[in-house]
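Enquirer: Have a look at the structure that comes next, please.
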Amino acid sequence: MSKWPDELVFAPLGGVGEIGMNLGLYGLGPRNRRKWLAVDLGISFAPPEVPGIDLIMPDVAFLEREAEAGNLVGLVITHGHEDHVGALVDLWPRLRCTVYTTPFTHALAEARRLGEPGAPKIPFHIVPTGGRTSIGPFDVEFVPVAHSIPDSHALAIRTPLGMVVHTGDWKIDPTPVVGNVTDPVRFSALGDEGVRAVICDSTNAIRDGISPSEVDVQKVLTELIGAAPNRVAVTTFASNVARIRSIAEAAMKNGREVVLVGRAMERVIGVAREQHMLDGLPPFRSADAYGFLPRDKVVAILTGSQGEPRAALARIADDDHPEIALSPGDQVIFSSRTIPGNERPVNRIINALILQGVKVITDRDGLVHVSGHPRRGEMEQMYQWLRPQVAVPVHGEPLHLHEHAELARRMGVREVIRLVDGDVVRLISADPSLSAEVIEEIHAGKLYKDGQVLIAADDPAVAERRRLSFSGLVSVAIAMSSKGEVVGDPMIDLSGLPRLGLGGTPLDEVVEDAVLNCLDGLPKGRRRDPDAVAESVTRAVRGQINAAWGKKPLCHVLVITV
């Protein structure tokens with residue numbers, strides 16, 4: 001046996017220890033010359049702790065180097081959610097590989113790409129639903145699964161060393177309204193073939209039982225819309241085509257027309273109609289028809305279920321939408337679950353709607369939403385079908401991963417691997433004496449999308465912006481002669497500071513006194529050095545502001561020699 005035997009490894013660069021930003025790598029070959037297959041390329045949304053940042057993406061520096069060396073054989077996209085495909089336009093130019101996916105996911109990705117000016121042309125290889133294709137040394141079967149977006153797939157990845165199953169996002173739902181079902185016969189057949197390892201979704205590993213079906217939600221929505229005396233607005237994820245169809249069928253049964261509001265919703269619906277997922281439904285009305293429909297004859301489907309400030313629902317709650325308004329007695333249904341971290345903006349919208357006299361219904365009030373991820377009962381069924389030797393929990397925060405690992409052990413899985421982003425775990429080795437375990441680490445970090453550019457998570461701009469949001473900025477401009485004498489009065493500007501400090505002293509006066517006293521106390525030799533003057537004034541200003549306010553703002557001092 002050579003020093004580096006052939007092996008199949010798995011390495012997540014995102015999506016482990018967190019929900020979102022999914023990117024998993026499969027490597028095949030000896031440690032010093034592996035071929036890599038990437039799975040998914042997603043985003044997560046920035047928390048308030050990083051002000052000004054729009055999106056977070058995985059750092060692909062490691063994969064970029066492998067691509068440059070010719071070792072990246074392809075990128076597979078399991079489904080069309082943003083946390084699995086949202087980074088494609090921004091990061092594909094660093095990888096420049098063929099992207100493999102299925103028809104609806106491809107159409108959705110293309111629609112997103114065409115909506116971004118200057119987006120690169122990406123080479124796609126479209127695999128039919130349930131199809132199978134060779135990608136370098138990997139044989140990849142797209143195995144249909146139910147999820148909250150159509151055309152979702154698990155991956156059966158076959159190699160000369162054995163097979164692993166990457167579940168992607170999935171659930172068990174025999175009546176999903178739109179999209180695939182998770183077929184027990186197909187997964188059992190994979191188990192009969194022999195599954196070495198399963199890399200499995202952990203999102204709902206803390207919830208017991210079996211998820212309700214989408215058709216159960218449709219029944220509840222039909223009842224709520226039928227009982228509503230006035231307008232009904234339903235907000236849900238734009239990508240949940242099954243939910244949109246459920247809402248539309250509920251409206252149709254109650255003699256109401258559907259008005260579609262929100263660009264993201266319109267884009268997804270356009271693709272869904274092209275893919276015949278909304279056949280049998282009448283065309284939806286645009287927002288400009290809303291005001292002409294009787295209050296008891298309309299159902300509006302809105303974007304903004306997560307409290308997004310620019311989405312339709314937030315603008316309606318603020319009475320700022322140009323075409324859509326709600327009145328007392330109207331009803332808003334949140335056919336969604338609030339993603340952790342979005343509670344505050346969602347609650348703000350709910351409170352604003354209630355103050356308008358609008359009735360608000362959430363998943364606390366009834367079965368108006370079901371998750372697209374498996375609960376424990378469904379996970380147990382998947383393990384019974386696949387019967388893997390190794391389990392690797394992914395797609396979840398530490399609590400979800402821990403509960404998943406405990407479940408896998410209870411199901412009799414011999415080797416359960418806990419890992420974090422950047423860990424490289426050996427799944428299969430040509431050397432039978434080597435077990436599944438973490439064998440090395442690779443770089444895994446985050447990139448922030450700041451406006452139209454990508455920056456590293458440790459970019460100084462992020463830390464400075466956080467400090468600015470906490471303590472503001474003082475700007476000072478000083479003109480000095482070549483002899484070190486002050487010319488005119490310093491110019492001072494305060495941003496983000498209160499007007500008055502302790503004792504009611506104006507803070508601009510505190511800054512002015514600090515600047516003048518500092519300059520008066522500087523030796524002539526030091527006054528001739530602009531850098532030395534700026535350093536001294538900065539220390540003086542921050543110190544005096546701290547004494548008068550209790551915080552040290554950022555301070556920018558510009559010294560001009562005249």
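Residue numbering restarts at 1 in every chain; chains get A, B, ... in the order shown in the structure tokens, and ligands count up from 1 in that same order.
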Assign secondary structure with DSSP using the backbone only, and return the residues of segment 252-419 of chain A in helix (DSSP H, G or I) as an mmCIF file with N, CA, C and O atoms, in the first residue's frame.

Expert:
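Generated file (states_19.cif):
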data_model
loop_
_atom_site.group_PDB
_atom_site.id
_atom_site.type_symbol
_atom_site.label_atom_id
_atom_site.label_comp_id
_atom_site.auth_asym_id
_atom_site.auth_seq_id
_atom_site.Cartn_x
_atom_site.Cartn_y
_atom_site.Cartn_z
ATOM 1 N N MET A 252 -59.278 30.347 -5.722
ATOM 2 C CA MET A 252 -60.195 29.971 -6.796
ATOM 3 C C MET A 252 -61.437 29.278 -6.233
ATOM 4 O O MET A 252 -62.567 29.544 -6.685
ATOM 5 N N LYS A 253 -61.248 28.407 -5.233
ATOM 6 C CA LYS A 253 -62.390 27.716 -4.634
ATOM 7 C C LYS A 253 -63.335 28.674 -3.924
ATOM 8 O O LYS A 253 -64.514 28.363 -3.735
ATOM 9 N N ARG A 263 -41.239 41.600 -7.042
ATOM 10 C CA ARG A 263 -40.456 41.195 -8.213
ATOM 11 C C ARG A 263 -39.940 39.767 -8.107
ATOM 12 O O ARG A 263 -39.931 39.015 -9.085
ATOM 13 N N ALA A 264 -39.465 39.373 -6.911
ATOM 14 C CA ALA A 264 -38.940 38.017 -6.749
ATOM 15 C C ALA A 264 -40.042 36.989 -7.012
ATOM 16 O O ALA A 264 -39.808 35.950 -7.642
ATOM 17 N N MET A 265 -41.233 37.276 -6.533
ATOM 18 C CA MET A 265 -42.368 36.388 -6.751
ATOM 19 C C MET A 265 -42.691 36.289 -8.243
ATOM 20 O O MET A 265 -42.929 35.190 -8.771
ATOM 21 N N GLU A 266 -42.699 37.407 -8.918
ATOM 22 C CA GLU A 266 -43.016 37.418 -10.344
ATOM 23 C C GLU A 266 -42.004 36.604 -11.143
ATOM 24 O O GLU A 266 -42.370 35.878 -12.079
ATOM 25 N N ARG A 267 -40.732 36.707 -10.765
ATOM 26 C CA ARG A 267 -39.686 35.966 -11.482
ATOM 27 C C ARG A 267 -39.875 34.459 -11.318
ATOM 28 O O ARG A 267 -39.818 33.694 -12.296
ATOM 29 N N VAL A 268 -40.125 34.005 -10.096
ATOM 30 C CA VAL A 268 -40.293 32.578 -9.855
ATOM 31 C C VAL A 268 -41.547 32.061 -10.543
ATOM 32 O O VAL A 268 -41.535 30.985 -11.166
ATOM 33 N N ILE A 269 -42.632 32.827 -10.484
ATOM 34 C CA ILE A 269 -43.878 32.386 -11.107
ATOM 35 C C ILE A 269 -43.713 32.278 -12.616
ATOM 36 O O ILE A 269 -44.255 31.363 -13.258
ATOM 37 N N GLY A 270 -42.975 33.210 -13.204
ATOM 38 C CA GLY A 270 -42.730 33.128 -14.640
ATOM 39 C C GLY A 270 -42.033 31.835 -15.020
ATOM 40 O O GLY A 270 -42.416 31.157 -15.990
ATOM 41 N N VAL A 271 -41.010 31.437 -14.235
ATOM 42 C CA VAL A 271 -40.305 30.177 -14.500
ATOM 43 C C VAL A 271 -41.223 28.989 -14.252
ATOM 44 O O VAL A 271 -41.245 28.028 -15.028
ATOM 45 N N ALA A 272 -42.002 29.040 -13.180
ATOM 46 C CA ALA A 272 -42.890 27.919 -12.854
ATOM 47 C C ALA A 272 -43.940 27.699 -13.945
ATOM 48 O O ALA A 272 -44.274 26.551 -14.278
ATOM 49 N N ARG A 273 -44.451 28.779 -14.505
ATOM 50 C CA ARG A 273 -45.431 28.620 -15.589
ATOM 51 C C ARG A 273 -44.767 28.013 -16.825
ATOM 52 O O ARG A 273 -45.360 27.164 -17.499
ATOM 53 N N GLU A 274 -43.544 28.451 -17.112
ATOM 54 C CA GLU A 274 -42.832 27.866 -18.255
ATOM 55 C C GLU A 274 -42.612 26.363 -18.072
ATOM 56 O O GLU A 274 -42.597 25.605 -19.034
ATOM 57 N N ALA A 287 -50.181 43.968 -9.674
ATOM 58 C CA ALA A 287 -50.504 44.825 -8.529
ATOM 59 C C ALA A 287 -51.421 45.980 -8.902
ATOM 60 O O ALA A 287 -52.228 46.428 -8.078
ATOM 61 N N ASP A 288 -51.336 46.458 -10.148
ATOM 62 C CA ASP A 288 -52.152 47.623 -10.508
ATOM 63 C C ASP A 288 -53.647 47.290 -10.608
ATOM 64 O O ASP A 288 -54.486 48.185 -10.682
ATOM 65 N N ALA A 289 -54.005 45.992 -10.577
ATOM 66 C CA ALA A 289 -55.419 45.611 -10.602
ATOM 67 C C ALA A 289 -56.023 45.554 -9.202
ATOM 68 O O ALA A 289 -57.257 45.490 -9.055
ATOM 69 N N TYR A 290 -55.180 45.594 -8.183
ATOM 70 C CA TYR A 290 -55.628 45.368 -6.801
ATOM 71 C C TYR A 290 -56.736 46.334 -6.390
ATOM 72 O O TYR A 290 -57.752 45.925 -5.833
ATOM 73 N N GLY A 291 -56.545 47.601 -6.647
ATOM 74 C CA GLY A 291 -57.494 48.614 -6.186
ATOM 75 C C GLY A 291 -58.840 48.558 -6.881
ATOM 76 O O GLY A 291 -59.807 49.187 -6.405
ATOM 77 N N PHE A 292 -58.965 47.825 -7.985
ATOM 78 C CA PHE A 292 -60.219 47.763 -8.732
ATOM 79 C C PHE A 292 -61.050 46.525 -8.394
ATOM 80 O O PHE A 292 -62.158 46.361 -8.908
ATOM 81 N N ARG A 295 -63.344 44.046 -2.163
ATOM 82 C CA ARG A 295 -62.556 43.608 -1.017
ATOM 83 C C ARG A 295 -62.724 42.114 -0.734
ATOM 84 O O ARG A 295 -61.794 41.462 -0.224
ATOM 85 N N ASP A 296 -63.868 41.566 -1.066
ATOM 86 C CA ASP A 296 -64.114 40.153 -0.768
ATOM 87 C C ASP A 296 -63.827 39.244 -1.963
ATOM 88 O O ASP A 296 -64.190 38.068 -1.947
ATOM 89 N N LYS A 297 -63.163 39.801 -2.979
ATOM 90 C CA LYS A 297 -62.883 39.022 -4.180
ATOM 91 C C LYS A 297 -61.392 38.994 -4.539
ATOM 92 O O LYS A 297 -61.047 38.705 -5.681
ATOM 93 N N ALA A 312 -42.490 43.897 -0.461
ATOM 94 C CA ALA A 312 -43.841 44.458 -0.562
ATOM 95 C C ALA A 312 -44.520 44.576 0.797
ATOM 96 O O ALA A 312 -45.141 45.597 1.105
ATOM 97 N N LEU A 313 -44.431 43.533 1.635
ATOM 98 C CA LEU A 313 -45.181 43.552 2.888
ATOM 99 C C LEU A 313 -44.710 44.671 3.814
ATOM 100 O O LEU A 313 -45.535 45.326 4.476
ATOM 101 N N ALA A 314 -43.412 44.896 3.895
ATOM 102 C CA ALA A 314 -42.904 45.968 4.749
ATOM 103 C C ALA A 314 -43.420 47.323 4.274
ATOM 104 O O ALA A 314 -43.801 48.177 5.085
ATOM 105 N N ARG A 315 -43.457 47.521 2.981
ATOM 106 C CA ARG A 315 -43.935 48.795 2.448
ATOM 107 C C ARG A 315 -45.435 48.955 2.703
ATOM 108 O O ARG A 315 -45.905 50.067 2.993
ATOM 109 N N ILE A 316 -46.174 47.866 2.631
ATOM 110 C CA ILE A 316 -47.612 47.931 2.927
ATOM 111 C C ILE A 316 -47.829 48.238 4.407
ATOM 112 O O ILE A 316 -48.677 49.049 4.778
ATOM 113 N N ALA A 317 -47.054 47.585 5.273
ATOM 114 C CA ALA A 317 -47.173 47.831 6.709
ATOM 115 C C ALA A 317 -46.862 49.278 7.052
ATOM 116 O O ALA A 317 -47.444 49.849 7.981
ATOM 117 N N GLU A 343 -36.502 37.724 13.697
ATOM 118 C CA GLU A 343 -37.663 37.931 14.559
ATOM 119 C C GLU A 343 -38.005 39.413 14.716
ATOM 120 O O GLU A 343 -39.190 39.787 14.671
ATOM 121 N N ARG A 344 -37.003 40.243 14.905
ATOM 122 C CA ARG A 344 -37.286 41.657 15.164
ATOM 123 C C ARG A 344 -37.961 42.342 13.973
ATOM 124 O O ARG A 344 -39.000 42.998 14.154
ATOM 125 N N PRO A 345 -37.427 42.247 12.740
ATOM 126 C CA PRO A 345 -38.121 42.919 11.631
ATOM 127 C C PRO A 345 -39.500 42.326 11.341
ATOM 128 O O PRO A 345 -40.418 43.059 10.959
ATOM 129 N N VAL A 346 -39.670 41.012 11.538
ATOM 130 C CA VAL A 346 -40.991 40.414 11.321
ATOM 131 C C VAL A 346 -41.983 40.934 12.353
ATOM 132 O O VAL A 346 -43.120 41.314 12.024
ATOM 133 N N ASN A 347 -41.558 40.990 13.614
ATOM 134 C CA ASN A 347 -42.449 41.501 14.665
ATOM 135 C C ASN A 347 -42.799 42.975 14.440
ATOM 136 O O ASN A 347 -43.920 43.410 14.748
ATOM 137 N N ARG A 348 -41.859 43.728 13.908
ATOM 138 C CA ARG A 348 -42.145 45.135 13.624
ATOM 139 C C ARG A 348 -43.281 45.254 12.614
ATOM 140 O O ARG A 348 -44.192 46.080 12.766
ATOM 141 N N ILE A 349 -43.235 44.419 11.583
ATOM 142 C CA ILE A 349 -44.288 44.448 10.563
ATOM 143 C C ILE A 349 -45.619 43.997 11.144
ATOM 144 O O ILE A 349 -46.674 44.604 10.893
ATOM 145 N N ILE A 350 -45.599 42.933 11.932
ATOM 146 C CA ILE A 350 -46.837 42.442 12.543
ATOM 147 C C ILE A 350 -47.459 43.532 13.405
ATOM 148 O O ILE A 350 -48.679 43.782 13.341
ATOM 149 N N ASN A 351 -46.646 44.193 14.218
ATOM 150 C CA ASN A 351 -47.178 45.253 15.077
ATOM 151 C C ASN A 351 -47.756 46.408 14.261
ATOM 152 O O ASN A 351 -48.807 46.969 14.603
ATOM 153 N N ALA A 352 -47.074 46.771 13.171
ATOM 154 C CA ALA A 352 -47.576 47.863 12.323
ATOM 155 C C ALA A 352 -48.913 47.491 11.692
ATOM 156 O O ALA A 352 -49.823 48.336 11.580
ATOM 157 N N LEU A 353 -49.044 46.243 11.255
ATOM 158 C CA LEU A 353 -50.312 45.803 10.663
ATOM 159 C C LEU A 353 -51.435 45.811 11.697
ATOM 160 O O LEU A 353 -52.566 46.240 11.414
ATOM 161 N N ILE A 354 -51.149 45.347 12.899
ATOM 162 C CA ILE A 354 -52.171 45.324 13.947
ATOM 163 C C ILE A 354 -52.636 46.742 14.275
ATOM 164 O O ILE A 354 -53.834 46.992 14.490
ATOM 165 N N LEU A 355 -51.696 47.691 14.291
ATOM 166 C CA LEU A 355 -52.078 49.077 14.549
ATOM 167 C C LEU A 355 -52.981 49.640 13.454
ATOM 168 O O LEU A 355 -53.740 50.584 13.693
ATOM 169 N N ARG A 376 -37.515 14.280 13.030
ATOM 170 C CA ARG A 376 -36.804 13.062 13.435
ATOM 171 C C ARG A 376 -37.414 11.797 12.846
ATOM 172 O O ARG A 376 -36.688 10.883 12.433
ATOM 173 N N GLY A 377 -38.743 11.740 12.801
ATOM 174 C CA GLY A 377 -39.372 10.540 12.260
ATOM 175 C C GLY A 377 -39.004 10.293 10.808
ATOM 176 O O GLY A 377 -38.789 9.143 10.388
ATOM 177 N N GLU A 378 -38.915 11.359 10.042
ATOM 178 C CA GLU A 378 -38.516 11.235 8.635
ATOM 179 C C GLU A 378 -37.047 10.858 8.501
ATOM 180 O O GLU A 378 -36.668 10.059 7.625
ATOM 181 N N MET A 379 -36.213 11.436 9.372
ATOM 182 C CA MET A 379 -34.792 11.095 9.339
ATOM 183 C C MET A 379 -34.579 9.619 9.664
ATOM 184 O O MET A 379 -33.751 8.937 9.049
ATOM 185 N N GLU A 380 -35.355 9.122 10.620
ATOM 186 C CA GLU A 380 -35.248 7.703 10.961
ATOM 187 C C GLU A 380 -35.606 6.828 9.762
ATOM 188 O O GLU A 380 -34.947 5.802 9.504
ATOM 189 N N GLN A 381 -36.640 7.236 9.008
ATOM 190 C CA GLN A 381 -37.000 6.462 7.822
ATOM 191 C C GLN A 381 -35.879 6.480 6.790
ATOM 192 O O GLN A 381 -35.573 5.450 6.177
ATOM 193 N N MET A 382 -35.241 7.649 6.595
ATOM 194 C CA MET A 382 -34.141 7.729 5.629
ATOM 195 C C MET A 382 -32.996 6.795 6.027
ATOM 196 O O MET A 382 -32.423 6.087 5.184
ATOM 197 N N TYR A 383 -32.668 6.765 7.316
ATOM 198 C CA TYR A 383 -31.598 5.866 7.757
ATOM 199 C C TYR A 383 -31.994 4.401 7.596
ATOM 200 O O TYR A 383 -31.145 3.548 7.278
ATOM 201 N N GLN A 384 -33.291 4.096 7.788
ATOM 202 C CA GLN A 384 -33.743 2.721 7.567
ATOM 203 C C GLN A 384 -33.632 2.335 6.099
ATOM 204 O O GLN A 384 -33.302 1.188 5.779
ATOM 205 N N TRP A 385 -33.915 3.283 5.202
ATOM 206 C CA TRP A 385 -33.802 2.984 3.773
ATOM 207 C C TRP A 385 -32.345 2.805 3.343
ATOM 208 O O TRP A 385 -32.005 1.858 2.636
ATOM 209 N N LEU A 386 -31.488 3.734 3.756
ATOM 210 C CA LEU A 386 -30.121 3.770 3.227
ATOM 211 C C LEU A 386 -29.160 2.836 3.966
ATOM 212 O O LEU A 386 -28.195 2.353 3.386
ATOM 213 N N PRO A 398 -24.943 24.059 15.734
ATOM 214 C CA PRO A 398 -24.404 22.982 16.580
ATOM 215 C C PRO A 398 -25.457 22.127 17.276
ATOM 216 O O PRO A 398 -25.312 20.899 17.371
ATOM 217 N N LEU A 399 -26.546 22.737 17.766
ATOM 218 C CA LEU A 399 -27.592 21.951 18.408
ATOM 219 C C LEU A 399 -28.208 20.951 17.434
ATOM 220 O O LEU A 399 -28.425 19.776 17.766
ATOM 221 N N HIS A 400 -28.500 21.401 16.220
ATOM 222 C CA HIS A 400 -29.094 20.505 15.219
ATOM 223 C C HIS A 400 -28.136 19.362 14.885
ATOM 224 O O HIS A 400 -28.560 18.200 14.772
ATOM 225 N N LEU A 401 -26.852 19.690 14.728
ATOM 226 C CA LEU A 401 -25.868 18.663 14.383
ATOM 227 C C LEU A 401 -25.736 17.635 15.507
ATOM 228 O O LEU A 401 -25.617 16.433 15.260
ATOM 229 N N HIS A 402 -25.764 18.121 16.753
ATOM 230 C CA HIS A 402 -25.649 17.210 17.905
ATOM 231 C C HIS A 402 -26.838 16.257 17.951
ATOM 232 O O HIS A 402 -26.670 15.033 18.125
ATOM 233 N N GLU A 403 -28.058 16.795 17.807
ATOM 234 C CA GLU A 403 -29.243 15.947 17.861
ATOM 235 C C GLU A 403 -29.268 14.950 16.705
ATOM 236 O O GLU A 403 -29.689 13.798 16.871
ATOM 237 N N HIS A 404 -28.813 15.381 15.549
ATOM 238 C CA HIS A 404 -28.727 14.474 14.396
ATOM 239 C C HIS A 404 -27.752 13.340 14.677
ATOM 240 O O HIS A 404 -28.027 12.169 14.388
ATOM 241 N N ALA A 405 -26.587 13.687 15.243
ATOM 242 C CA ALA A 405 -25.586 12.664 15.546
ATOM 243 C C ALA A 405 -26.138 11.634 16.531
ATOM 244 O O ALA A 405 -25.930 10.415 16.372
ATOM 245 N N GLU A 406 -26.871 12.104 17.554
ATOM 246 C CA GLU A 406 -27.452 11.178 18.523
ATOM 247 C C GLU A 406 -28.481 10.275 17.852
ATOM 248 O O GLU A 406 -28.552 9.068 18.139
ATOM 249 N N LEU A 407 -29.284 10.845 16.945
ATOM 250 C CA LEU A 407 -30.271 10.036 16.230
ATOM 251 C C LEU A 407 -29.587 8.961 15.386
ATOM 252 O O LEU A 407 -30.016 7.799 15.375
ATOM 253 N N ALA A 408 -28.527 9.331 14.680
ATOM 254 C CA ALA A 408 -27.821 8.362 13.828
ATOM 255 C C ALA A 408 -27.265 7.210 14.665
ATOM 256 O O ALA A 408 -27.334 6.038 14.255
ATOM 257 N N ARG A 409 -26.744 7.531 15.840
ATOM 258 C CA ARG A 409 -26.228 6.465 16.710
ATOM 259 C C ARG A 409 -27.358 5.540 17.151
ATOM 260 O O ARG A 409 -27.195 4.308 17.188
ATOM 261 N N ARG A 410 -28.494 6.125 17.504
ATOM 262 C CA ARG A 410 -29.640 5.297 17.905
ATOM 263 C C ARG A 410 -30.112 4.392 16.765
ATOM 264 O O ARG A 410 -30.649 3.305 17.013
#

Enquirer: Among the residues of segment 80-301 of chain A, find those DSSP assigns to strand (DSSP E or B) from the backbone and print them as a ChimeraX atom specification.

Expert: /A:99-101,124-126,132-135,138-144,146,153-159,162-166,171,197-201,232-235,257-261,285,298-301

Enquirer: Identify, on the basis of only C-alpha atoms, every residue whose closest approach to Asn180 of chain A does not exceed 9 Å; exclude the query and any residue fewer than 5 positions from it along the same chain; express the result as a PyMOL selection string.

Expert: chain A and resi 144-147+150-153+173-174

Enquirer: Take the selection from the previous step and output its residues with N, CA and C atoms, as an mmCIF file, in the first residue's frame.

Expert:
data_model
loop_
_atom_site.group_PDB
_atom_site.id
_atom_site.type_symbol
_atom_site.label_atom_id
_atom_site.label_comp_id
_atom_site.auth_asym_id
_atom_site.auth_seq_id
_atom_site.Cartn_x
_atom_site.Cartn_y
_atom_site.Cartn_z
ATOM 1 N N PRO A 144 -34.755 12.366 -6.900
ATOM 2 C CA PRO A 144 -35.782 13.342 -6.529
ATOM 3 C C PRO A 144 -36.180 13.240 -5.057
ATOM 4 N N VAL A 145 -36.369 14.417 -4.432
ATOM 5 C CA VAL A 145 -36.866 14.485 -3.054
ATOM 6 C C VAL A 145 -37.892 15.600 -2.954
ATOM 7 N N ALA A 146 -38.784 15.486 -1.979
ATOM 8 C CA ALA A 146 -39.721 16.566 -1.668
ATOM 9 C C ALA A 146 -38.988 17.646 -0.878
ATOM 10 N N HIS A 147 -39.330 18.899 -1.167
ATOM 11 C CA HIS A 147 -38.774 20.045 -0.432
ATOM 12 C C HIS A 147 -39.703 21.229 -0.701
ATOM 13 N N PRO A 150 -39.651 23.325 -5.984
ATOM 14 C CA PRO A 150 -39.679 22.197 -6.918
ATOM 15 C C PRO A 150 -38.278 21.801 -7.384
ATOM 16 N N ASP A 151 -38.203 20.589 -7.909
ATOM 17 C CA ASP A 151 -37.002 20.104 -8.588
ATOM 18 C C ASP A 151 -35.827 19.944 -7.629
ATOM 19 N N SER A 152 -36.104 19.559 -6.387
ATOM 20 C CA SER A 152 -35.037 19.317 -5.413
ATOM 21 C C SER A 152 -34.557 17.875 -5.539
ATOM 22 N N HIS A 153 -33.257 17.696 -5.298
ATOM 23 C CA HIS A 153 -32.656 16.375 -5.472
ATOM 24 C C HIS A 153 -31.616 16.078 -4.403
ATOM 25 N N ASP A 173 -43.046 13.849 1.934
ATOM 26 C CA ASP A 173 -44.388 14.400 1.737
ATOM 27 C C ASP A 173 -45.016 13.683 0.551
ATOM 28 N N PRO A 174 -45.964 12.781 0.799
ATOM 29 C CA PRO A 174 -46.582 12.045 -0.314
ATOM 30 C C PRO A 174 -47.500 12.895 -1.169
#

Enquirer: Any idea what's packed within 9 Å of Ala156 of chain A, counting only C-alpha atoms, ignoring anything in its chain fewer than 5 positions away? Could you give it as a short mmCIF file (atom, residue, chain, number, x, y, z; two decimals) with N, CA, C and O atoms, in the first residue's frame?

Expert:
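Listing of out03.cif after writing:
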data_model
loop_
_atom_site.label_atom_id
_atom_site.label_comp_id
_atom_site.auth_asym_id
_atom_site.auth_seq_id
_atom_site.Cartn_x
_atom_site.Cartn_y
_atom_site.Cartn_z
N ASP A 139 -19.68 9.44 -10.57
CA ASP A 139 -20.94 9.11 -11.22
C ASP A 139 -22.04 9.65 -10.32
O ASP A 139 -22.20 9.18 -9.18
N VAL A 140 -22.80 10.64 -10.81
CA VAL A 140 -23.75 11.35 -9.95
C VAL A 140 -25.17 11.10 -10.43
O VAL A 140 -25.52 11.42 -11.57
N GLU A 141 -26.00 10.54 -9.53
CA GLU A 141 -27.42 10.35 -9.80
C GLU A 141 -28.20 11.40 -9.02
O GLU A 141 -28.02 11.57 -7.81
N PHE A 142 -29.09 12.10 -9.73
CA PHE A 142 -29.97 13.07 -9.10
C PHE A 142 -31.23 12.34 -8.64
O PHE A 142 -32.06 11.94 -9.47
N VAL A 143 -31.38 12.17 -7.34
CA VAL A 143 -32.49 11.39 -6.79
C VAL A 143 -33.56 12.36 -6.30
O VAL A 143 -33.32 13.14 -5.37
N MET A 163 -20.09 4.23 -2.70
CA MET A 163 -21.12 5.24 -2.92
C MET A 163 -21.43 5.99 -1.61
O MET A 163 -21.48 5.41 -0.53
N VAL A 164 -21.66 7.30 -1.76
CA VAL A 164 -22.18 8.10 -0.67
C VAL A 164 -23.45 8.79 -1.16
O VAL A 164 -23.63 9.01 -2.36
N VAL A 165 -24.33 9.15 -0.22
CA VAL A 165 -25.56 9.87 -0.55
C VAL A 165 -25.51 11.23 0.14
O VAL A 165 -25.35 11.31 1.36
N HIS A 166 -25.62 12.27 -0.66
CA HIS A 166 -25.70 13.65 -0.18
C HIS A 166 -27.17 14.04 -0.30
O HIS A 166 -27.68 14.22 -1.41
N THR A 167 -27.86 14.18 0.84
CA THR A 167 -29.32 14.33 0.77
C THR A 167 -29.78 15.69 0.27
O THR A 167 -30.90 15.82 -0.22
N LEU A 190 -31.06 2.13 -3.20
CA LEU A 190 -29.70 2.61 -2.95
C LEU A 190 -29.10 1.91 -1.73
O LEU A 190 -27.92 1.53 -1.72
N VAL A 195 -24.57 1.75 0.74
CA VAL A 195 -24.22 3.15 0.97
C VAL A 195 -23.16 3.21 2.06
O VAL A 195 -23.41 2.81 3.20
#

Enquirer: Got a sec: who's within 10 Å of segment 98-115 of chain A, counting only C-alpha atoms, leaving out chain neighbours fewer than 6 positions off, as an MDAnalysis selection string?

Expert: chainID A and resid 38:40 72:82 85:86 88:90 92 121:131 133 135 140 142 149:153 239 264 267:272 274:275 277

Enquirer: Pick the closest to Trp4 of chain A from A:Val462, A:Val562, A:Leu28, A:Val50: which is it, counting only C-alpha atoms?

Expert: A:Leu28

Enquirer: I'd like the neighbourhood of segment 519-522 of chain A as number ranges by chain, where a residue qualifies if any of its atoms comes within 8 Å (using only C-alpha atoms), though same-chain residues fewer than 4 positions away should be ignored.

Expert: A: 515, 526-527, 533, 537

Enquirer: Can you tell me which residues surround Ala227 of chain A at a distance of at most 12 Å, considering only C-alpha atoms, apart from same-chain residues fewer than 6 positions away, and format the answer as a list of chain:residue names?

Expert: A:Val220, A:Leu221, A:Ala250, A:Ala251, A:Asn254, A:Asp296, A:Asp330, A:Gln331

Enquirer: Could the residues in this selection be written to a file with N, CA, C and O atoms, as a short mmCIF file (atom, residue, chain, number, x, y, z; two decimals), in the first residue's frame?

Expert:
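To be explicit, this is the file written out as selection-v8.cif:
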data_model
loop_
_atom_site.label_atom_id
_atom_site.label_comp_id
_atom_site.auth_asym_id
_atom_site.auth_seq_id
_atom_site.Cartn_x
_atom_site.Cartn_y
_atom_site.Cartn_z
N VAL A 220 -56.20 24.24 5.19
CA VAL A 220 -56.36 25.31 6.17
C VAL A 220 -56.48 26.66 5.49
O VAL A 220 -57.32 27.50 5.86
N LEU A 221 -55.66 26.91 4.47
CA LEU A 221 -55.73 28.18 3.75
C LEU A 221 -57.09 28.35 3.08
O LEU A 221 -57.65 29.46 3.05
N ALA A 250 -56.85 27.78 -3.27
CA ALA A 250 -57.76 28.19 -2.20
C ALA A 250 -58.56 29.42 -2.61
O ALA A 250 -59.76 29.53 -2.33
N ALA A 251 -57.90 30.37 -3.28
CA ALA A 251 -58.60 31.57 -3.75
C ALA A 251 -59.65 31.22 -4.79
O ALA A 251 -60.80 31.71 -4.75
N ASN A 254 -62.81 29.83 -3.52
CA ASN A 254 -63.62 30.82 -2.80
C ASN A 254 -64.00 32.01 -3.67
O ASN A 254 -64.42 33.05 -3.15
N ASP A 296 -63.87 41.57 -1.07
CA ASP A 296 -64.11 40.15 -0.77
C ASP A 296 -63.83 39.24 -1.96
O ASP A 296 -64.19 38.07 -1.95
N ASP A 330 -59.22 43.74 7.13
CA ASP A 330 -58.51 42.87 6.21
C ASP A 330 -57.64 41.88 7.00
O ASP A 330 -57.46 42.01 8.21
N GLN A 331 -57.07 40.92 6.29
CA GLN A 331 -56.38 39.82 6.97
C GLN A 331 -55.06 39.55 6.26
O GLN A 331 -54.99 39.51 5.03
#
